[in-house]
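Asker: My structure is stored as work-v2.pdb, with PDB, C-alpha atoms.
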ATOM      1  CA  MET O1056     -47.251  -7.389  15.210
ATOM      2  CA  THR O1057     -45.577 -10.329  13.478
ATOM      3  CA  GLU O1058     -46.965 -12.365  10.603
ATOM      4  CA  GLY O1059     -47.773 -15.232  12.978
ATOM      5  CA  ASP O1060     -49.817 -12.972  15.324
ATOM      6  CA  ARG O1061     -52.349 -12.250  12.562
ATOM      7  CA  ASN O1062     -53.302 -15.902  12.373
ATOM      8  CA  VAL O1063     -54.003 -16.312  16.096
ATOM      9  CA  THR O1064     -57.652 -17.033  16.880
ATOM     10  CA  PRO O1065     -58.762 -16.110  20.408
ATOM     11  CA  ILE O1066     -60.022 -19.017  22.501
ATOM     12  CA  ARG O1067     -62.861 -16.906  23.896
ATOM     13  CA  ARG O1068     -64.232 -13.438  23.473
ATOM     14  CA  PRO O1069     -62.574 -10.753  25.587
ATOM     15  CA  GLU O1070     -64.581  -9.765  28.641
ATOM     16  CA  VAL O1071     -64.323  -6.939  31.131
ATOM     17  CA  VAL O1072     -62.998  -8.411  34.345
ATOM     18  CA  VAL O1073     -63.133  -5.245  36.444
ATOM     19  CA  GLU O1074     -63.687  -1.535  35.983
ATOM     20  CA  VAL O1075     -61.864   0.976  38.148
ATOM     21  CA  GLY O1076     -62.453   4.576  39.052
ATOM     22  CA  GLY O1077     -65.609   6.612  38.888
ATOM     23  CA  LEU O1078     -67.965   8.217  41.345
ATOM     24  CA  VAL O1079     -69.210   6.367  44.432
ATOM     25  CA  ASP O1080     -72.456   4.548  43.627
ATOM     26  CA  GLU O1081     -74.682   6.103  46.295
ATOM     27  CA  THR O1082     -74.294   8.924  48.788
ATOM     28  CA  ARG O1083     -76.218  10.114  51.834
ATOM     29  CA  VAL O1084     -75.347  13.455  53.426
ATOM     30  CA  THR O1085     -76.763  14.012  56.919
ATOM     31  CA  LEU O1086     -76.670  16.995  59.233
ATOM     32  CA  GLY O1087     -76.964  15.716  62.795
ATOM     33  CA  VAL O1088     -77.510  17.792  65.928
ATOM     34  CA  TYR O1089     -77.081  15.781  69.162
ATOM     35  CA  GLY O1090     -77.456  16.449  72.874
ATOM     36  CA  PRO O1091     -79.007  15.110  76.082
ATOM     37  CA  GLU O1092     -81.358  18.097  76.436
ATOM     38  CA  LEU O1093     -82.171  18.425  72.727
ATOM     39  CA  GLU O1094     -85.759  19.354  71.859
ATOM     40  CA  PRO O1095     -86.333  18.574  68.150
ATOM     41  CA  ASP O1096     -89.006  21.257  67.704
ATOM     42  CA  GLU O1097     -86.588  23.942  68.909
ATOM     43  CA  ILE O1098     -83.975  22.841  66.369
ATOM     44  CA  SER O1099     -86.600  22.801  63.587
ATOM     45  CA  THR O1100     -87.652  26.333  64.485
ATOM     46  CA  LEU O1101     -84.073  27.566  64.669
ATOM     47  CA  LEU O1102     -83.090  26.008  61.322
ATOM     48  CA  GLY O1103     -86.397  26.719  59.592
ATOM     49  CA  CYS O1104     -86.967  23.173  58.336
ATOM     50  CA  THR O1105     -88.255  19.821  59.527
ATOM     51  CA  PRO O1106     -85.885  16.905  60.093
ATOM     52  CA  THR O1107     -85.791  13.620  58.234
ATOM     53  CA  SER O1108     -85.938  12.029  61.699
ATOM     54  CA  ALA O1109     -85.622  13.157  65.306
ATOM     55  CA  HIS O1110     -85.924  11.877  68.859
ATOM     56  CA  ARG O1111     -85.447  13.034  72.451
ATOM     57  CA  CYS O1112     -83.197  11.480  75.058
ATOM     58  CA  GLY O1113     -85.093   8.571  76.609
ATOM     59  CA  ASP O1114     -87.519   8.075  73.702
ATOM     60  CA  LEU O1115     -88.292   4.414  73.169
ATOM     61  CA  ARG O1116     -86.883   2.473  70.237
ATOM     62  CA  ARG O1117     -87.927  -0.857  68.740
ATOM     63  CA  ASN O1118     -88.631  -3.829  70.942
ATOM     64  CA  GLY O1119     -85.724  -4.866  73.126
ATOM     65  CA  ILE O1120     -83.472  -1.923  72.283
ATOM     66  CA  PRO O1121     -82.726   0.486  75.144
ATOM     67  CA  PRO O1122     -84.125   4.032  74.886
ATOM     68  CA  TRP O1123     -82.099   6.675  73.054
ATOM     69  CA  PRO O1124     -79.174   7.840  75.251
ATOM     70  CA  GLN O1125     -79.370  11.389  73.829
ATOM     71  CA  GLY O1126     -81.581  13.468  71.607
ATOM     72  CA  ALA O1127     -80.940  13.861  67.887
ATOM     73  CA  TRP O1128     -82.217  15.985  65.014
ATOM     74  CA  LEU O1129     -81.240  14.605  61.589
ATOM     75  CA  LEU O1130     -81.681  16.041  58.097
ATOM     76  CA  SER O1131     -80.587  13.812  55.203
ATOM     77  CA  VAL O1132     -80.409  13.991  51.426
ATOM     78  CA  GLU O1133     -79.365  11.077  49.262
ATOM     79  CA  GLY O1134     -78.714  10.203  45.657
ATOM     80  CA  LYS O1135     -77.191   7.747  43.239
ATOM     81  CA  ALA O1136     -74.433   8.355  40.675
ATOM     82  CA  PRO O1137     -74.143  10.525  38.663
ATOM     83  CA  THR O1138     -75.377  12.644  41.581
ATOM     84  CA  GLY O1139     -72.544  12.676  44.096
ATOM     85  CA  PRO O1140     -71.462  14.222  47.396
ATOM     86  CA  GLU O1141     -70.794  17.620  45.813
ATOM     87  CA  GLU O1142     -74.382  18.056  44.606
ATOM     88  CA  LEU O1143     -75.886  16.626  47.782
ATOM     89  CA  ILE O1144     -73.905  18.980  50.031
ATOM     90  CA  GLU O1145     -75.274  21.841  47.944
ATOM     91  CA  LEU O1146     -78.848  20.514  48.276
ATOM     92  CA  LEU O1147     -78.520  20.054  52.034
ATOM     93  CA  THR O1148     -76.910  23.407  52.774
ATOM     94  CA  ALA O1149     -79.403  25.233  50.539
ATOM     95  CA  ARG O1150     -82.148  24.123  52.955
ATOM     96  CA  LEU O1151     -80.320  25.575  55.955
ATOM     97  CA  PRO O1152     -79.862  29.147  57.206
ATOM     98  CA  GLY O1153     -76.605  30.901  56.398
ATOM     99  CA  GLU O1154     -76.406  33.155  59.468
ATOM    100  CA  SER O1155     -73.260  32.352  61.438
ATOM    101  CA  ALA O1156     -74.952  33.335  64.736
ATOM    102  CA  ILE O1157     -77.370  30.410  64.376
ATOM    103  CA  TRP O1158     -74.552  27.929  63.872
ATOM    104  CA  GLU O1159     -72.490  29.417  66.710
ATOM    105  CA  ARG O1160     -75.489  29.009  69.011
ATOM    106  CA  LEU O1161     -76.039  25.384  67.926
ATOM    107  CA  THR O1162     -72.389  24.323  68.125
ATOM    108  CA  ALA O1163     -72.016  25.953  71.565
ATOM    109  CA  LYS O1164     -74.897  23.920  73.010
ATOM    110  CA  TYR O1165     -74.926  20.702  70.952
ATOM    111  CA  SER O1166     -72.705  18.332  69.069
ATOM    112  CA  VAL O1167     -73.171  19.139  65.374
ATOM    113  CA  ARG O1168     -71.904  16.820  62.669
ATOM    114  CA  VAL O1169     -72.234  16.417  58.912
ATOM    115  CA  THR O1170     -71.785  12.816  57.816
ATOM    116  CA  LEU O1171     -71.248  11.602  54.280
ATOM    117  CA  GLY O1172     -72.362   8.002  53.896
ATOM    118  CA  LEU O1173     -70.594   6.619  50.831
ATOM    119  CA  PHE O1174     -71.799   3.355  49.301
ATOM    120  CA  THR O1175     -69.975   1.442  46.577
ATOM    121  CA  GLY O1176     -70.247  -2.009  45.080
ATOM    122  CA  ASP O1177     -66.951  -1.714  43.248
ATOM    123  CA  TRP O1178     -63.431  -0.844  44.244
ATOM    124  CA  ASN O1179     -61.563   2.356  43.579
ATOM    125  CA  ARG O1180     -64.530   4.722  43.599
ATOM    126  CA  GLY O1181     -64.149   8.289  44.820
ATOM    127  CA  PHE O1182     -65.235  11.912  44.664
ATOM    128  CA  GLU O1183     -63.950  15.448  44.988
ATOM    129  CA  LEU O1184     -65.275  18.427  46.917
ATOM    130  CA  SER O1185     -64.915  21.907  45.488
ATOM    131  CA  PRO O1186     -63.754  24.857  47.584
ATOM    132  CA  SER O1187     -67.386  26.046  47.487
ATOM    133  CA  SER O1188     -68.661  22.845  49.151
ATOM    134  CA  ILE O1189     -65.875  22.917  51.699
ATOM    135  CA  SER O1190     -66.778  26.538  52.512
ATOM    136  CA  ARG O1191     -70.451  25.608  52.929
ATOM    137  CA  LEU O1192     -69.517  22.876  55.396
ATOM    138  CA  ALA O1193     -67.050  25.129  57.228
ATOM    139  CA  ALA O1194     -69.752  27.804  57.648
ATOM    140  CA  ILE O1195     -71.838  25.330  59.646
ATOM    141  CA  GLY O1196     -68.938  24.846  62.058
ATOM    142  CA  ALA O1197     -69.604  21.129  62.336
ATOM    143  CA  ARG O1198     -67.323  18.144  62.320
ATOM    144  CA  VAL O1199     -67.436  16.287  58.993
ATOM    145  CA  GLY O1200     -67.367  12.502  59.038
ATOM    146  CA  PHE O1201     -67.177   9.868  56.330
ATOM    147  CA  ASP O1202     -68.853   6.476  56.636
ATOM    148  CA  ILE O1203     -67.699   4.216  53.800
ATOM    149  CA  TYR O1204     -69.648   1.093  52.910
ATOM    150  CA  ALA O1205     -68.168  -1.295  50.330
ATOM    151  CA  ASP O1206     -70.068  -4.333  49.090
ATOM    152  CA  HIS O1207     -67.784  -6.655  47.182
ATOM    153  CA  GLU O1208     -70.093  -9.692  46.975
ATOM    154  CA  ASP O1209     -69.966  -9.630  43.176
ATOM    155  CA  ASN O1210     -66.184  -9.142  43.224
ATOM    156  CA  GLU O1211     -65.025 -12.015  45.423
ATOM    157  CA  ASP O1212     -61.805 -12.438  43.445
ATOM    158  CA  LEU O1213     -60.610  -8.880  44.099
TER
END
Output the file's structure as structure tokens, nothing else.

Answerer:
Amino acid sequence: MTEGDRNVTPIRRPEVVVEVGGLVDETRVTLGVYGPELEPDEISTLLGCTPTSAHRCGDLRRNGIPPWPQGAWLLSVEGKAPTGPEELIELLTARLPGESAIWERLTAKYSVRVTLGLFTGDWNRGFELSPSSISRLAAIGARVGFDIYADHEDNEDL
């Protein structure tokens, strides 16, 4: 720093323009079981819990929307930072049976998927999954999908 730098008066106070990094703002983890012949009550009995939502193939939806093309049984957990995907996967899988025969039966008859819905209002957010969480998901034998939703309305200059 030179002698002249000490006499410089800032024109305005410094402000944070953008913050980077950190955990995604919100997360939803959903186990979905799908199939044309799916009976939600059978899935509930097999898994030992009730779904967050469920429907049969052909069930009616809201006005003007065609009936469901296949049945679905969905169990979701959600949270906001500092609770992230890691904790939510643990919460979801703790509600489910651990017997591999159950999951083999489900995946043989239905499409089974775990989806992580990731919501962020800022850029450069992320998360990590531990080997334990990855093992829990692998034990289900389901595909794992990621739906990423970014809302940059407040960050139009980025």

Asker: Can you build me a table of stretch 1098-1127 of chain O residues sitting at most 12 Å from stretch 1074-1089 of chain O, with the closest atom pair per residue and its distance in Å to one decimal, using all atoms listed in the file, sorted by chain and residue number, as a tab-separated table?

Answerer:
residue	atom	partner	partner_atom	distance
O:Ile1098	CA	O:Val1088	CA	8.2
O:Ser1099	CA	O:Val1088	CA	10.6
O:Leu1101	CA	O:Val1088	CA	11.8
O:Leu1102	CA	O:Val1088	CA	10.9
O:Thr1105	CA	O:Leu1086	CA	11.9
O:Pro1106	CA	O:Leu1086	CA	9.3
O:Thr1107	CA	O:Thr1085	CA	9.1
O:Ser1108	CA	O:Gly1087	CA	9.8
O:Ala1109	CA	O:Val1088	CA	9.4
O:His1110	CA	O:Tyr1089	CA	9.7
O:Arg1111	CA	O:Tyr1089	CA	9.4
O:Cys1112	CA	O:Tyr1089	CA	9.5
O:Trp1123	CA	O:Tyr1089	CA	11.1
O:Pro1124	CA	O:Tyr1089	CA	10.2
O:Gln1125	CA	O:Tyr1089	CA	6.8
O:Gly1126	CA	O:Tyr1089	CA	5.6
O:Ala1127	CA	O:Tyr1089	CA	4.5

Asker: Got a sec: who's within 10 Å of stretch 1148-1155 of chain O, counting all atoms listed in the file, leaving out chain neighbours fewer than 3 positions off, as a ChimeraX atom specification?

Answerer: /O:1086,1101-1105,1130,1143-1145,1158-1161,1188,1191-1192,1194-1196

Asker: Produce a file of the selected residues containing C-alpha atoms, as a PDB file, keeping the file's coordinate frame.

Answerer:
ATOM      1  CA  LEU O1086     -76.670  16.995  59.233  1.00  0.00           C
ATOM      2  CA  LEU O1101     -84.073  27.566  64.669  1.00  0.00           C
ATOM      3  CA  LEU O1102     -83.090  26.008  61.322  1.00  0.00           C
ATOM      4  CA  GLY O1103     -86.397  26.719  59.592  1.00  0.00           C
ATOM      5  CA  CYS O1104     -86.967  23.173  58.336  1.00  0.00           C
ATOM      6  CA  THR O1105     -88.255  19.821  59.527  1.00  0.00           C
ATOM      7  CA  LEU O1130     -81.681  16.041  58.097  1.00  0.00           C
ATOM      8  CA  LEU O1143     -75.886  16.626  47.782  1.00  0.00           C
ATOM      9  CA  ILE O1144     -73.905  18.980  50.031  1.00  0.00           C
ATOM     10  CA  GLU O1145     -75.274  21.841  47.944  1.00  0.00           C
ATOM     11  CA  TRP O1158     -74.552  27.929  63.872  1.00  0.00           C
ATOM     12  CA  GLU O1159     -72.490  29.417  66.710  1.00  0.00           C
ATOM     13  CA  ARG O1160     -75.489  29.009  69.011  1.00  0.00           C
ATOM     14  CA  LEU O1161     -76.039  25.384  67.926  1.00  0.00           C
ATOM     15  CA  SER O1188     -68.661  22.845  49.151  1.00  0.00           C
ATOM     16  CA  ARG O1191     -70.451  25.608  52.929  1.00  0.00           C
ATOM     17  CA  LEU O1192     -69.517  22.876  55.396  1.00  0.00           C
ATOM     18  CA  ALA O1194     -69.752  27.804  57.648  1.00  0.00           C
ATOM     19  CA  ILE O1195     -71.838  25.330  59.646  1.00  0.00           C
ATOM     20  CA  GLY O1196     -68.938  24.846  62.058  1.00  0.00           C
TER      21      GLY O1196
END

Asker: Could you check which of O:Ile1203, O:Ala1156, O:Ile1066, O:Val1132 is closest to O:Arg1180, using all atoms listed in the file?

Answerer: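 Going through O:Ile1203, O:Ala1156, O:Ile1066, O:Val1132 one by one, the smallest distance to O:Arg1180 is for O:Ile1203.
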
Asker: Rank nothing, just name the residue among O:Ser1166, O:Ser1131, O:Asn1179, O:Asn1062 nearest to O:Pro1091, using all atoms listed in the file.

Answerer: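 Among the listed residues, the smallest separation from O:Pro1091 belongs to O:Ser1166.
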
Asker: What are the centre and the three edge lengths of an axis-aligned box that wraps all atoms of stretch 1174-1193 of chain O in the file, given that 5 Å is added to every side, written as JSON and rounded to one decimal in Å?

Answerer:
{"center_x": -66.7, "center_y": 12.3, "center_z": 50.2, "size_x": 20.2, "size_y": 38.5, "size_z": 24.0}

Asker: Figure out the distance between atom CA of O:Glu1142 and atom CA of O:Ile1189, please, to one decimal in Å.

Answerer: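 A separation of 12.1 Å between them.
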
Asker: Run the PyMOL selection byres ((chain O and resi 1199) around 7) on the file and write out the hits as a ChimeraX atom specification.

Answerer: /O:1168-1170,1197-1198,1200-1201

Asker: In Å, rounded to a single decimal, give me how far atom CA of O:Pro1069 is from atom CA of O:Asp1206.

Answerer: 25.5 Å

Asker: For a test of reading the model, state the distance in Å between atom CA of O:Leu1146 and atom CA of O:Pro1186, rounded to one decimal.

Answerer: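 The value is 15.7 Å.
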
Asker: The PyMOL selection byres ((chain O and resi 1205) around 7) - which residues does that actually catch in the file I just gave you? List them as a PyMOL selection string.

Answerer: chain O and resi 1174-1176+1203-1204+1206-1207
